[in-house]
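Novice: I'd like to ask some things about the structure below.
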Amino acid sequence: MKKLVLVLFVSFFSIACSKRNLVYFSDISTDVTFSTSIDSLVQQRIQEDDLLSITVTSLNAESNMLFNAGVLMPTGGTVNTVISTPINESYLVDKDGFINYPVIGKINLKGLTKLEAVNKMAGLLDEYVQNPIINIRIMNFKVTVLGEVQRPSSFIIPTEKVTILEALGLAGDMTAYGRRENVLIIREKDGVRNTTRLNLNDKKVLSSPYFYLQQNDVIYVEPYKTKSIQSDSNPRTFAIITSVVSLLTIVAFQIDEW
């Protein structure tokens with residue numbers, strides 16, 4: 001009886017007191033400089049439902065007015081906007097990859113990088129505008145961070161180059177209960193949804209194709225088991241369980257003495 005209660009007692013508290021590695025890239029030595037080539041950055045490609053800001057600048061003021069939409073202010077909502085500045089009215093990429101542009105009409109931009117899209121637009125505008133300067137931005141580049149972080153939310157990013165660390169920073173970083181060695185990434189590409197798990201204690205993440213995020217990526221940080229136990233049991237229940245285990249231990253010792 002005594003041994004059984006001791007086993008239960010030790011097992012119960014070993015869960016709550018288990019050691020966790022809370023350090024990012026803990027396998028990088030403090031006295032050694034670590035370097036890795038940046039070859040995991042993939043150029044973003046325009047996809048359906050993207051909102052594109054397209055500005056055309058030339059020496060002709062009339063052409064500028066013709067091919068540039070008005071300026072709108074961002075509207076409020078549940079999605080966090082990293083910056084709050086005026087934005088150009090956007091062109092929605094439909095399910096077939098087309099936008100509806102003034103004068104020219106429908107233009108298929110799906111699957112193109114921003115540079116490829118700029119070159120295509122320049123060729124189409126050549127007969128209307130002399131030497132146009134074209135700038136294209138994805139206005140709704142969004143990543144979502146959920147789970148054991150301080151501020152879970154979706155974030156609109158003003159640039160298409162964002163790392164998983166920057167996204168976690170926007171969410172206030174992980175809590176002490178976040179599993180840094182098992183972060184889930186959900187990514188959609190070409191109609192297929194893929195998942196992978198990253199170990200942020202491991203420096204290999206720096207060269208992972210998932211280190212740089214893509215449009216609509218979802219990051220989910222799982223909680224440790226201790227957090228699950230605490231969420232399932234309110235403080236009063238947890239205190240009662242602790243008291244019962246302690247009482248059983250005392251009774252076991254007394255029985256052995258008798």
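Going through the structure tokens in order, the chains are called A, B, and so on, while each chain numbers its residues from 1 and the ligands are numbered from 1 in the order shown.
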Can you pull out the residues contacting Pro152 in chain A? Cut-off 12 Å, using only C-alpha atoms, and skip same-chain residues under 5 positions away; I want them as a ChimeraX atom specification.
Specialist: /A:78-80,143-147,167-175,218-221
Novice: What does the file look like for those residues with N, CA, C and O atoms, as an mmCIF file, in the first residue's frame?
Specialist:
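again_39.cif, written as the output of this step:
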data_model
loop_
_atom_site.group_PDB
_atom_site.id
_atom_site.type_symbol
_atom_site.label_atom_id
_atom_site.label_comp_id
_atom_site.auth_asym_id
_atom_site.auth_seq_id
_atom_site.Cartn_x
_atom_site.Cartn_y
_atom_site.Cartn_z
ATOM 1 N N THR A 78 -11.825 42.408 -37.120
ATOM 2 C CA THR A 78 -11.225 41.510 -36.145
ATOM 3 C C THR A 78 -9.796 41.161 -36.490
ATOM 4 O O THR A 78 -9.054 40.680 -35.655
ATOM 5 N N VAL A 79 -9.390 41.411 -37.742
ATOM 6 C CA VAL A 79 -8.032 41.083 -38.152
ATOM 7 C C VAL A 79 -7.115 42.238 -37.796
ATOM 8 O O VAL A 79 -7.387 43.393 -38.084
ATOM 9 N N ASN A 80 -5.983 41.916 -37.157
ATOM 10 C CA ASN A 80 -5.037 42.951 -36.773
ATOM 11 C C ASN A 80 -4.273 43.443 -37.990
ATOM 12 O O ASN A 80 -3.802 42.657 -38.795
ATOM 13 N N VAL A 143 -1.300 36.023 -42.090
ATOM 14 C CA VAL A 143 -0.920 34.797 -41.382
ATOM 15 C C VAL A 143 -1.721 34.758 -40.080
ATOM 16 O O VAL A 143 -2.095 35.799 -39.535
ATOM 17 N N THR A 144 -1.978 33.558 -39.600
ATOM 18 C CA THR A 144 -2.771 33.370 -38.383
ATOM 19 C C THR A 144 -1.947 32.599 -37.362
ATOM 20 O O THR A 144 -1.325 31.585 -37.699
ATOM 21 N N VAL A 145 -1.936 33.082 -36.119
ATOM 22 C CA VAL A 145 -1.200 32.431 -35.033
ATOM 23 C C VAL A 145 -2.193 32.083 -33.936
ATOM 24 O O VAL A 145 -2.874 32.959 -33.397
ATOM 25 N N LEU A 146 -2.268 30.795 -33.608
ATOM 26 C CA LEU A 146 -3.231 30.303 -32.629
ATOM 27 C C LEU A 146 -2.531 29.468 -31.550
ATOM 28 O O LEU A 146 -1.379 29.080 -31.708
ATOM 29 N N GLY A 147 -3.261 29.181 -30.490
ATOM 30 C CA GLY A 147 -2.754 28.286 -29.448
ATOM 31 C C GLY A 147 -2.101 29.031 -28.312
ATOM 32 O O GLY A 147 -2.544 30.114 -27.906
ATOM 33 N N ALA A 167 6.163 36.276 -36.918
ATOM 34 C CA ALA A 167 4.731 36.047 -36.689
ATOM 35 C C ALA A 167 4.457 35.776 -35.211
ATOM 36 O O ALA A 167 3.483 36.294 -34.644
ATOM 37 N N LEU A 168 5.301 34.982 -34.573
ATOM 38 C CA LEU A 168 5.140 34.735 -33.142
ATOM 39 C C LEU A 168 5.342 36.024 -32.345
ATOM 40 O O LEU A 168 4.673 36.253 -31.334
ATOM 41 N N GLY A 169 6.249 36.873 -32.822
ATOM 42 C CA GLY A 169 6.450 38.161 -32.165
ATOM 43 C C GLY A 169 5.214 39.035 -32.238
ATOM 44 O O GLY A 169 4.858 39.710 -31.274
ATOM 45 N N LEU A 170 4.532 39.023 -33.388
ATOM 46 C CA LEU A 170 3.298 39.791 -33.523
ATOM 47 C C LEU A 170 2.233 39.294 -32.552
ATOM 48 O O LEU A 170 1.400 40.070 -32.074
ATOM 49 N N ALA A 171 2.263 37.992 -32.261
ATOM 50 C CA ALA A 171 1.289 37.393 -31.343
ATOM 51 C C ALA A 171 1.738 37.464 -29.889
ATOM 52 O O ALA A 171 1.129 36.838 -29.017
ATOM 53 N N GLY A 172 2.811 38.216 -29.621
ATOM 54 C CA GLY A 172 3.267 38.372 -28.242
ATOM 55 C C GLY A 172 4.132 37.247 -27.739
ATOM 56 O O GLY A 172 4.367 37.128 -26.537
ATOM 57 N N ASP A 173 4.594 36.368 -28.639
ATOM 58 C CA ASP A 173 5.437 35.221 -28.314
ATOM 59 C C ASP A 173 4.622 34.124 -27.612
ATOM 60 O O ASP A 173 3.483 34.333 -27.188
ATOM 61 N N MET A 174 5.237 32.964 -27.500
ATOM 62 C CA MET A 174 4.580 31.834 -26.835
ATOM 63 C C MET A 174 4.494 32.073 -25.331
ATOM 64 O O MET A 174 5.313 32.788 -24.753
ATOM 65 N N THR A 175 3.517 31.444 -24.720
ATOM 66 C CA THR A 175 3.468 31.412 -23.265
ATOM 67 C C THR A 175 4.449 30.352 -22.773
ATOM 68 O O THR A 175 5.041 29.622 -23.564
ATOM 69 N N VAL A 218 -1.123 29.148 -41.345
ATOM 70 C CA VAL A 218 -1.653 29.095 -39.979
ATOM 71 C C VAL A 218 -0.609 28.443 -39.078
ATOM 72 O O VAL A 218 -0.101 27.361 -39.393
ATOM 73 N N ILE A 219 -0.280 29.107 -37.977
ATOM 74 C CA ILE A 219 0.659 28.575 -36.989
ATOM 75 C C ILE A 219 -0.136 28.192 -35.744
ATOM 76 O O ILE A 219 -0.870 29.015 -35.193
ATOM 77 N N TYR A 220 0.026 26.943 -35.324
ATOM 78 C CA TYR A 220 -0.663 26.503 -34.103
ATOM 79 C C TYR A 220 0.376 26.012 -33.099
ATOM 80 O O TYR A 220 1.152 25.095 -33.386
ATOM 81 N N VAL A 221 0.376 26.623 -31.909
ATOM 82 C CA VAL A 221 1.295 26.254 -30.839
ATOM 83 C C VAL A 221 0.546 25.388 -29.834
ATOM 84 O O VAL A 221 -0.388 25.855 -29.173
#
Novice: Among range 82-249 of chain A, which ones does DSSP assign to alpha helix (DSSP H) (computed from the backbone)? Answer as an mmCIF file with all heavy atoms, in the first residue's frame.
Specialist:
data_model
loop_
_atom_site.group_PDB
_atom_site.id
_atom_site.type_symbol
_atom_site.label_atom_id
_atom_site.label_comp_id
_atom_site.auth_asym_id
_atom_site.auth_seq_id
_atom_site.Cartn_x
_atom_site.Cartn_y
_atom_site.Cartn_z
ATOM 1 N N LYS A 114 5.451 38.946 -58.210
ATOM 2 C CA LYS A 114 5.175 40.372 -58.398
ATOM 3 C C LYS A 114 5.969 40.945 -59.567
ATOM 4 O O LYS A 114 5.451 41.757 -60.341
ATOM 5 C CB LYS A 114 5.482 41.136 -57.114
ATOM 6 C CG LYS A 114 4.483 40.896 -56.003
ATOM 7 C CD LYS A 114 4.534 41.984 -54.958
ATOM 8 C CE LYS A 114 5.891 42.106 -54.322
ATOM 9 N NZ LYS A 114 5.917 43.135 -53.268
ATOM 10 N N LEU A 115 7.221 40.515 -59.732
ATOM 11 C CA LEU A 115 8.031 41.014 -60.839
ATOM 12 C C LEU A 115 7.451 40.575 -62.181
ATOM 13 O O LEU A 115 7.379 41.371 -63.137
ATOM 14 C CB LEU A 115 9.469 40.521 -60.703
ATOM 15 C CG LEU A 115 10.444 40.942 -61.820
ATOM 16 C CD1 LEU A 115 10.495 42.454 -61.932
ATOM 17 C CD2 LEU A 115 11.825 40.351 -61.571
ATOM 18 N N GLU A 116 7.021 39.320 -62.254
ATOM 19 C CA GLU A 116 6.415 38.826 -63.488
ATOM 20 C C GLU A 116 5.117 39.571 -63.795
ATOM 21 O O GLU A 116 4.822 39.889 -64.957
ATOM 22 C CB GLU A 116 6.154 37.320 -63.378
ATOM 23 C CG GLU A 116 7.428 36.487 -63.324
ATOM 24 C CD GLU A 116 7.162 35.031 -62.967
ATOM 25 O OE1 GLU A 116 6.056 34.730 -62.465
ATOM 26 O OE2 GLU A 116 8.064 34.195 -63.182
ATOM 27 N N ALA A 117 4.339 39.868 -62.742
ATOM 28 C CA ALA A 117 3.092 40.600 -62.935
ATOM 29 C C ALA A 117 3.362 42.035 -63.393
ATOM 30 O O ALA A 117 2.656 42.563 -64.254
ATOM 31 C CB ALA A 117 2.285 40.599 -61.639
ATOM 32 N N VAL A 118 4.396 42.665 -62.845
ATOM 33 C CA VAL A 118 4.762 44.019 -63.250
ATOM 34 C C VAL A 118 5.162 44.039 -64.723
ATOM 35 O O VAL A 118 4.742 44.925 -65.490
ATOM 36 C CB VAL A 118 5.914 44.554 -62.374
ATOM 37 C CG1 VAL A 118 6.551 45.786 -63.005
ATOM 38 C CG2 VAL A 118 5.411 44.888 -60.974
ATOM 39 N N ASN A 119 5.964 43.067 -65.138
ATOM 40 C CA ASN A 119 6.389 43.008 -66.538
ATOM 41 C C ASN A 119 5.206 42.777 -67.474
ATOM 42 O O ASN A 119 5.141 43.362 -68.564
ATOM 43 C CB ASN A 119 7.426 41.898 -66.717
ATOM 44 C CG ASN A 119 8.747 42.231 -66.034
ATOM 45 O OD1 ASN A 119 9.075 43.399 -65.829
ATOM 46 N ND2 ASN A 119 9.498 41.199 -65.669
ATOM 47 N N LYS A 120 4.260 41.951 -67.050
ATOM 48 C CA LYS A 120 3.086 41.703 -67.880
ATOM 49 C C LYS A 120 2.235 42.959 -67.993
ATOM 50 O O LYS A 120 1.756 43.313 -69.090
ATOM 51 C CB LYS A 120 2.264 40.556 -67.301
ATOM 52 C CG LYS A 120 1.067 40.169 -68.159
ATOM 53 C CD LYS A 120 0.405 38.896 -67.655
ATOM 54 C CE LYS A 120 -0.742 38.482 -68.582
ATOM 55 N NZ LYS A 120 -1.349 37.185 -68.159
ATOM 56 N N MET A 121 2.036 43.650 -66.865
ATOM 57 C CA MET A 121 1.251 44.886 -66.881
ATOM 58 C C MET A 121 1.933 45.954 -67.743
ATOM 59 O O MET A 121 1.274 46.684 -68.484
ATOM 60 C CB MET A 121 1.082 45.408 -65.451
ATOM 61 C CG MET A 121 0.235 44.532 -64.543
ATOM 62 S SD MET A 121 -1.532 44.652 -64.903
ATOM 63 C CE MET A 121 -1.842 46.369 -64.563
ATOM 64 N N ALA A 122 3.251 46.030 -67.663
ATOM 65 C CA ALA A 122 3.984 47.020 -68.443
ATOM 66 C C ALA A 122 3.788 46.790 -69.932
ATOM 67 O O ALA A 122 3.617 47.740 -70.712
ATOM 68 C CB ALA A 122 5.466 46.979 -68.085
ATOM 69 N N GLY A 123 3.785 45.528 -70.356
ATOM 70 C CA GLY A 123 3.565 45.222 -71.764
ATOM 71 C C GLY A 123 2.173 45.592 -72.225
ATOM 72 O O GLY A 123 1.987 46.082 -73.349
ATOM 73 N N LEU A 124 1.174 45.383 -71.356
ATOM 74 C CA LEU A 124 -0.198 45.705 -71.725
ATOM 75 C C LEU A 124 -0.464 47.207 -71.734
ATOM 76 O O LEU A 124 -1.302 47.701 -72.492
ATOM 77 C CB LEU A 124 -1.162 45.015 -70.749
ATOM 78 C CG LEU A 124 -1.161 43.479 -70.784
ATOM 79 C CD1 LEU A 124 -2.006 42.917 -69.646
ATOM 80 C CD2 LEU A 124 -1.684 42.977 -72.126
ATOM 81 N N LEU A 125 0.246 47.950 -70.878
ATOM 82 C CA LEU A 125 0.039 49.395 -70.784
ATOM 83 C C LEU A 125 0.897 50.177 -71.772
ATOM 84 O O LEU A 125 0.758 51.406 -71.877
ATOM 85 C CB LEU A 125 0.343 49.873 -69.359
ATOM 86 C CG LEU A 125 -0.637 49.452 -68.263
ATOM 87 C CD1 LEU A 125 -0.098 49.835 -66.891
ATOM 88 C CD2 LEU A 125 -1.997 50.089 -68.496
ATOM 89 N N ILE A 164 8.574 32.825 -39.308
ATOM 90 C CA ILE A 164 7.742 32.277 -38.236
ATOM 91 C C ILE A 164 8.043 32.987 -36.913
ATOM 92 O O ILE A 164 7.142 33.205 -36.092
ATOM 93 C CB ILE A 164 7.950 30.754 -38.099
ATOM 94 C CG1 ILE A 164 6.999 30.190 -37.047
ATOM 95 C CG2 ILE A 164 9.393 30.398 -37.785
ATOM 96 C CD1 ILE A 164 7.008 28.675 -36.966
ATOM 97 N N LEU A 165 9.288 33.411 -36.718
ATOM 98 C CA LEU A 165 9.639 34.125 -35.489
ATOM 99 C C LEU A 165 8.969 35.493 -35.443
ATOM 100 O O LEU A 165 8.494 35.937 -34.394
ATOM 101 C CB LEU A 165 11.160 34.280 -35.391
ATOM 102 C CG LEU A 165 11.958 32.982 -35.301
ATOM 103 C CD1 LEU A 165 13.449 33.287 -35.217
ATOM 104 C CD2 LEU A 165 11.526 32.145 -34.105
ATOM 105 N N GLU A 166 8.919 36.171 -36.581
ATOM 106 C CA GLU A 166 8.253 37.478 -36.629
ATOM 107 C C GLU A 166 6.758 37.337 -36.372
ATOM 108 O O GLU A 166 6.153 38.171 -35.693
ATOM 109 C CB GLU A 166 8.515 38.123 -37.990
ATOM 110 C CG GLU A 166 9.964 38.561 -38.188
ATOM 111 C CD GLU A 166 10.255 38.974 -39.612
ATOM 112 O OE1 GLU A 166 9.653 38.403 -40.543
ATOM 113 O OE2 GLU A 166 11.107 39.865 -39.804
ATOM 114 N N ALA A 167 6.163 36.276 -36.918
ATOM 115 C CA ALA A 167 4.731 36.047 -36.689
ATOM 116 C C ALA A 167 4.457 35.776 -35.211
ATOM 117 O O ALA A 167 3.483 36.294 -34.644
ATOM 118 C CB ALA A 167 4.246 34.885 -37.543
ATOM 119 N N LEU A 168 5.301 34.982 -34.573
ATOM 120 C CA LEU A 168 5.140 34.735 -33.142
ATOM 121 C C LEU A 168 5.342 36.024 -32.345
ATOM 122 O O LEU A 168 4.673 36.253 -31.334
ATOM 123 C CB LEU A 168 6.137 33.664 -32.680
ATOM 124 C CG LEU A 168 5.867 32.237 -33.155
ATOM 125 C CD1 LEU A 168 7.025 31.326 -32.793
ATOM 126 C CD2 LEU A 168 4.565 31.697 -32.572
ATOM 127 N N GLY A 169 6.249 36.873 -32.822
ATOM 128 C CA GLY A 169 6.450 38.161 -32.165
ATOM 129 C C GLY A 169 5.214 39.035 -32.238
ATOM 130 O O GLY A 169 4.858 39.710 -31.274
ATOM 131 N N LEU A 170 4.532 39.023 -33.388
ATOM 132 C CA LEU A 170 3.298 39.791 -33.523
ATOM 133 C C LEU A 170 2.233 39.294 -32.552
ATOM 134 O O LEU A 170 1.400 40.070 -32.074
ATOM 135 C CB LEU A 170 2.773 39.698 -34.961
ATOM 136 C CG LEU A 170 3.614 40.379 -36.037
ATOM 137 C CD1 LEU A 170 3.047 40.071 -37.420
ATOM 138 C CD2 LEU A 170 3.672 41.884 -35.816
ATOM 139 N N LYS A 225 1.245 19.136 -21.532
ATOM 140 C CA LYS A 225 0.235 18.354 -20.823
ATOM 141 C C LYS A 225 -0.155 19.009 -19.507
ATOM 142 O O LYS A 225 -1.293 18.915 -19.074
ATOM 143 C CB LYS A 225 0.744 16.940 -20.571
ATOM 144 C CG LYS A 225 0.879 16.096 -21.833
ATOM 145 C CD LYS A 225 1.326 14.691 -21.512
ATOM 146 C CE LYS A 225 1.421 13.842 -22.780
ATOM 147 N NZ LYS A 225 1.879 12.469 -22.495
ATOM 148 N N THR A 226 0.808 19.679 -18.878
ATOM 149 C CA THR A 226 0.493 20.319 -17.599
ATOM 150 C C THR A 226 -0.580 21.388 -17.776
ATOM 151 O O THR A 226 -1.430 21.572 -16.918
ATOM 152 C CB THR A 226 1.748 20.967 -16.998
ATOM 153 O OG1 THR A 226 2.379 21.771 -17.997
ATOM 154 C CG2 THR A 226 2.710 19.918 -16.514
ATOM 155 N N LYS A 227 -0.552 22.105 -18.906
ATOM 156 C CA LYS A 227 -1.577 23.113 -19.158
ATOM 157 C C LYS A 227 -2.930 22.439 -19.360
ATOM 158 O O LYS A 227 -3.960 22.951 -18.922
ATOM 159 C CB LYS A 227 -1.209 23.937 -20.390
ATOM 160 C CG LYS A 227 -2.232 25.012 -20.760
ATOM 161 C CD LYS A 227 -2.371 26.029 -19.646
ATOM 162 C CE LYS A 227 -3.361 27.132 -20.005
ATOM 163 N NZ LYS A 227 -2.895 27.998 -21.083
ATOM 164 N N SER A 228 -2.927 21.285 -20.053
ATOM 165 C CA SER A 228 -4.177 20.556 -20.270
ATOM 166 C C SER A 228 -4.776 20.107 -18.943
ATOM 167 O O SER A 228 -5.987 20.186 -18.735
ATOM 168 C CB SER A 228 -3.930 19.337 -21.164
ATOM 169 O OG SER A 228 -3.431 19.739 -22.418
ATOM 170 N N ILE A 229 -3.933 19.662 -18.031
ATOM 171 C CA ILE A 229 -4.417 19.222 -16.713
ATOM 172 C C ILE A 229 -5.031 20.393 -15.963
ATOM 173 O O ILE A 229 -6.109 20.305 -15.376
ATOM 174 C CB ILE A 229 -3.261 18.608 -15.891
ATOM 175 C CG1 ILE A 229 -2.820 17.277 -16.533
ATOM 176 C CG2 ILE A 229 -3.686 18.376 -14.444
ATOM 177 C CD1 ILE A 229 -1.612 16.676 -15.866
ATOM 178 N N GLN A 230 -4.354 21.552 -16.026
ATOM 179 C CA GLN A 230 -4.855 22.722 -15.314
ATOM 180 C C GLN A 230 -6.148 23.252 -15.930
ATOM 181 O O GLN A 230 -7.009 23.751 -15.238
ATOM 182 C CB GLN A 230 -3.783 23.809 -15.308
ATOM 183 C CG GLN A 230 -2.591 23.458 -14.441
ATOM 184 C CD GLN A 230 -1.601 24.598 -14.378
ATOM 185 O OE1 GLN A 230 -1.868 25.678 -14.888
ATOM 186 N NE2 GLN A 230 -0.463 24.355 -13.765
ATOM 187 N N SER A 231 -6.274 23.140 -17.260
ATOM 188 C CA SER A 231 -7.492 23.627 -17.903
ATOM 189 C C SER A 231 -8.668 22.702 -17.626
ATOM 190 O O SER A 231 -9.810 23.136 -17.601
ATOM 191 C CB SER A 231 -7.277 23.744 -19.418
ATOM 192 O OG SER A 231 -7.009 22.476 -19.980
ATOM 193 N N ASP A 232 -8.390 21.413 -17.448
ATOM 194 C CA ASP A 232 -9.455 20.466 -17.151
ATOM 195 C C ASP A 232 -9.890 20.525 -15.691
ATOM 196 O O ASP A 232 -10.991 20.111 -15.338
ATOM 197 C CB ASP A 232 -8.997 19.036 -17.479
ATOM 198 C CG ASP A 232 -8.839 18.820 -18.982
ATOM 199 O OD1 ASP A 232 -9.438 19.603 -19.741
ATOM 200 O OD2 ASP A 232 -8.108 17.907 -19.372
ATOM 201 N N PRO A 235 -8.776 25.417 -9.968
ATOM 202 C CA PRO A 235 -7.858 25.435 -8.823
ATOM 203 C C PRO A 235 -8.376 24.688 -7.607
ATOM 204 O O PRO A 235 -7.609 24.037 -6.897
ATOM 205 C CB PRO A 235 -7.705 26.935 -8.542
ATOM 206 C CG PRO A 235 -7.965 27.586 -9.863
ATOM 207 C CD PRO A 235 -9.019 26.750 -10.521
ATOM 208 N N ARG A 236 -9.697 24.749 -7.374
ATOM 209 C CA ARG A 236 -10.242 24.063 -6.205
ATOM 210 C C ARG A 236 -10.117 22.557 -6.357
ATOM 211 O O ARG A 236 -9.722 21.852 -5.430
ATOM 212 C CB ARG A 236 -11.702 24.466 -6.020
ATOM 213 C CG ARG A 236 -12.353 23.826 -4.805
ATOM 214 C CD ARG A 236 -13.783 24.284 -4.649
ATOM 215 N NE ARG A 236 -14.418 23.657 -3.502
ATOM 216 C CZ ARG A 236 -15.672 23.846 -3.165
ATOM 217 N NH1 ARG A 236 -16.434 24.674 -3.871
ATOM 218 N NH2 ARG A 236 -16.181 23.233 -2.109
ATOM 219 N N THR A 237 -10.432 22.058 -7.582
ATOM 220 C CA THR A 237 -10.321 20.618 -7.825
ATOM 221 C C THR A 237 -8.878 20.161 -7.701
ATOM 222 O O THR A 237 -8.577 19.106 -7.140
ATOM 223 C CB THR A 237 -10.863 20.278 -9.229
ATOM 224 O OG1 THR A 237 -12.208 20.738 -9.330
ATOM 225 C CG2 THR A 237 -10.808 18.784 -9.484
ATOM 226 N N PHE A 238 -7.954 20.973 -8.251
ATOM 227 C CA PHE A 238 -6.536 20.627 -8.178
ATOM 228 C C PHE A 238 -6.080 20.537 -6.721
ATOM 229 O O PHE A 238 -5.322 19.637 -6.346
ATOM 230 C CB PHE A 238 -5.733 21.686 -8.935
ATOM 231 C CG PHE A 238 -4.292 21.324 -9.135
ATOM 232 C CD1 PHE A 238 -3.912 20.477 -10.162
ATOM 233 C CD2 PHE A 238 -3.311 21.854 -8.309
ATOM 234 C CE1 PHE A 238 -2.582 20.146 -10.373
ATOM 235 C CE2 PHE A 238 -1.987 21.527 -8.506
ATOM 236 C CZ PHE A 238 -1.617 20.673 -9.533
ATOM 237 N N ALA A 239 -6.552 21.477 -5.884
ATOM 238 C CA ALA A 239 -6.183 21.475 -4.469
ATOM 239 C C ALA A 239 -6.745 20.248 -3.758
ATOM 240 O O ALA A 239 -6.085 19.651 -2.898
ATOM 241 C CB ALA A 239 -6.678 22.761 -3.814
ATOM 242 N N ILE A 240 -7.978 19.868 -4.125
ATOM 243 C CA ILE A 240 -8.599 18.682 -3.502
ATOM 244 C C ILE A 240 -7.815 17.425 -3.843
ATOM 245 O O ILE A 240 -7.551 16.573 -2.980
ATOM 246 C CB ILE A 240 -10.069 18.552 -3.960
ATOM 247 C CG1 ILE A 240 -10.902 19.705 -3.388
ATOM 248 C CG2 ILE A 240 -10.644 17.207 -3.534
ATOM 249 C CD1 ILE A 240 -12.327 19.730 -3.901
ATOM 250 N N ILE A 241 -7.439 17.293 -5.129
ATOM 251 C CA ILE A 241 -6.676 16.114 -5.538
ATOM 252 C C ILE A 241 -5.353 16.039 -4.779
ATOM 253 O O ILE A 241 -4.938 14.975 -4.310
ATOM 254 C CB ILE A 241 -6.432 16.145 -7.062
ATOM 255 C CG1 ILE A 241 -7.763 16.007 -7.810
ATOM 256 C CG2 ILE A 241 -5.476 15.034 -7.482
ATOM 257 C CD1 ILE A 241 -7.627 16.156 -9.317
ATOM 258 N N THR A 242 -4.688 17.193 -4.661
ATOM 259 C CA THR A 242 -3.420 17.231 -3.939
ATOM 260 C C THR A 242 -3.611 16.817 -2.487
ATOM 261 O O THR A 242 -2.805 16.057 -1.929
ATOM 262 C CB THR A 242 -2.822 18.643 -3.998
ATOM 263 O OG1 THR A 242 -2.690 19.046 -5.369
ATOM 264 C CG2 THR A 242 -1.457 18.686 -3.341
ATOM 265 N N SER A 243 -4.673 17.288 -1.867
ATOM 266 C CA SER A 243 -4.946 16.946 -0.465
ATOM 267 C C SER A 243 -5.230 15.460 -0.297
ATOM 268 O O SER A 243 -4.761 14.821 0.665
ATOM 269 C CB SER A 243 -6.136 17.764 0.043
ATOM 270 O OG SER A 243 -5.887 19.140 -0.051
ATOM 271 N N VAL A 244 -5.990 14.889 -1.232
ATOM 272 C CA VAL A 244 -6.314 13.460 -1.162
ATOM 273 C C VAL A 244 -5.057 12.617 -1.274
ATOM 274 O O VAL A 244 -4.861 11.638 -0.530
ATOM 275 C CB VAL A 244 -7.334 13.080 -2.265
ATOM 276 C CG1 VAL A 244 -7.487 11.567 -2.349
ATOM 277 C CG2 VAL A 244 -8.678 13.735 -1.983
ATOM 278 N N VAL A 245 -4.185 12.978 -2.246
ATOM 279 C CA VAL A 245 -2.942 12.225 -2.414
ATOM 280 C C VAL A 245 -2.090 12.313 -1.158
ATOM 281 O O VAL A 245 -1.510 11.321 -0.703
ATOM 282 C CB VAL A 245 -2.171 12.739 -3.646
ATOM 283 C CG1 VAL A 245 -0.795 12.082 -3.729
ATOM 284 C CG2 VAL A 245 -2.947 12.452 -4.916
ATOM 285 N N SER A 246 -2.018 13.501 -0.572
ATOM 286 C CA SER A 246 -1.240 13.678 0.657
ATOM 287 C C SER A 246 -1.819 12.858 1.806
ATOM 288 O O SER A 246 -1.089 12.227 2.582
ATOM 289 C CB SER A 246 -1.209 15.160 1.041
ATOM 290 O OG SER A 246 -0.642 15.932 0.010
ATOM 291 N N LEU A 247 -3.156 12.842 1.915
ATOM 292 C CA LEU A 247 -3.821 12.084 2.976
ATOM 293 C C LEU A 247 -3.562 10.589 2.819
ATOM 294 O O LEU A 247 -3.293 9.879 3.803
ATOM 295 C CB LEU A 247 -5.323 12.381 2.956
ATOM 296 C CG LEU A 247 -6.169 11.652 4.016
ATOM 297 C CD1 LEU A 247 -5.704 12.052 5.423
ATOM 298 C CD2 LEU A 247 -7.643 11.991 3.837
ATOM 299 N N LEU A 248 -3.644 10.098 1.587
ATOM 300 C CA LEU A 248 -3.381 8.686 1.339
ATOM 301 C C LEU A 248 -1.951 8.309 1.716
ATOM 302 O O LEU A 248 -1.688 7.219 2.222
ATOM 303 C CB LEU A 248 -3.642 8.348 -0.132
ATOM 304 C CG LEU A 248 -5.104 8.311 -0.582
ATOM 305 C CD1 LEU A 248 -5.186 8.109 -2.089
ATOM 306 C CD2 LEU A 248 -5.863 7.203 0.145
ATOM 307 N N THR A 249 -1.042 9.226 1.469
ATOM 308 C CA THR A 249 0.352 8.970 1.828
ATOM 309 C C THR A 249 0.512 8.835 3.339
ATOM 310 O O THR A 249 1.185 7.931 3.831
ATOM 311 C CB THR A 249 1.239 10.126 1.315
ATOM 312 O OG1 THR A 249 1.062 10.262 -0.101
ATOM 313 C CG2 THR A 249 2.707 9.850 1.597
#
Novice: What's the separation between CA of Gln44 in chain A and CA of Asn140 in chain A, in Å to one decimal place?
Specialist: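 Calculated distance between CA of Gln44 in chain A and CA of Asn140 in chain A is 12.7 Å.
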Novice: Pick out the residues sitting within 8 Å of Glu222 in chain A, and hand them over as a list in words; count only C-alpha atoms, and ignore anything fewer than 4 positions along from it in its own chain.
Specialist: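 Surrounding residues, per the criterion: Gly147, Glu148, Gly178, Arg179, Asn182, Val183 and Leu184 of chain A.
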Novice: Write down as number ranges by chain the residues of range 86-254 of chain A whose backbone DSSP state falls under strand (DSSP E or B).
Specialist: A: 87-88, 91-92, 98-101, 105-108, 113, 133-138, 142-147, 149, 153-156, 163, 174, 178-189, 192-198, 212, 218-223
Novice: If you count only C-alpha atoms, which residues fall within 12 Å of Arg193 in chain A, apart from same-chain ones fewer than 4 positions away, as a ChimeraX atom specification?
Specialist: /A:185-189,216-218
Novice: By how many Å are CA of Leu59 in chain A and CA of Asn100 in chain A apart?
Specialist: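 Straight-line distance from CA of Leu59 in chain A to CA of Asn100 in chain A works out to 24.1 Å.
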Novice: Which residues come within 7 Å of Pro132 in chain A, counting only C-alpha atoms, excluding same-chain residues fewer than 4 positions away, as JSON, numbers by chain?
Specialist: {"A": [56, 57, 58, 122]}
Novice: Rounded to one decimal, what separation in Å do you get between CA of Asn108 in chain A and CA of Asp94 in chain A?
Specialist: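 Computed distance, CA of Asn108 in chain A to CA of Asp94 in chain A, equals 9.3 Å.
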Novice: Leaving out Asp50 in chain A and any residue of its chain fewer than 5 positions from it, which residues lie within 12 Å of it when counting only C-alpha atoms, given as a list of chain:residue names?
Specialist: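 Listing them by chain and then by number gives A:Gln44, A:Arg45, A:Ser90, A:Tyr91, A:Leu92, A:Val93, A:Asp94, A:Lys95, A:Asp96, A:Gly97, A:Phe98, A:Ile99, A:Leu109, A:Lys110, A:Gly111, A:Ile136, A:Arg137, A:Ile138, A:Met139, A:Asn140, A:Phe141, A:Lys142, A:Gln215, A:Asn216.
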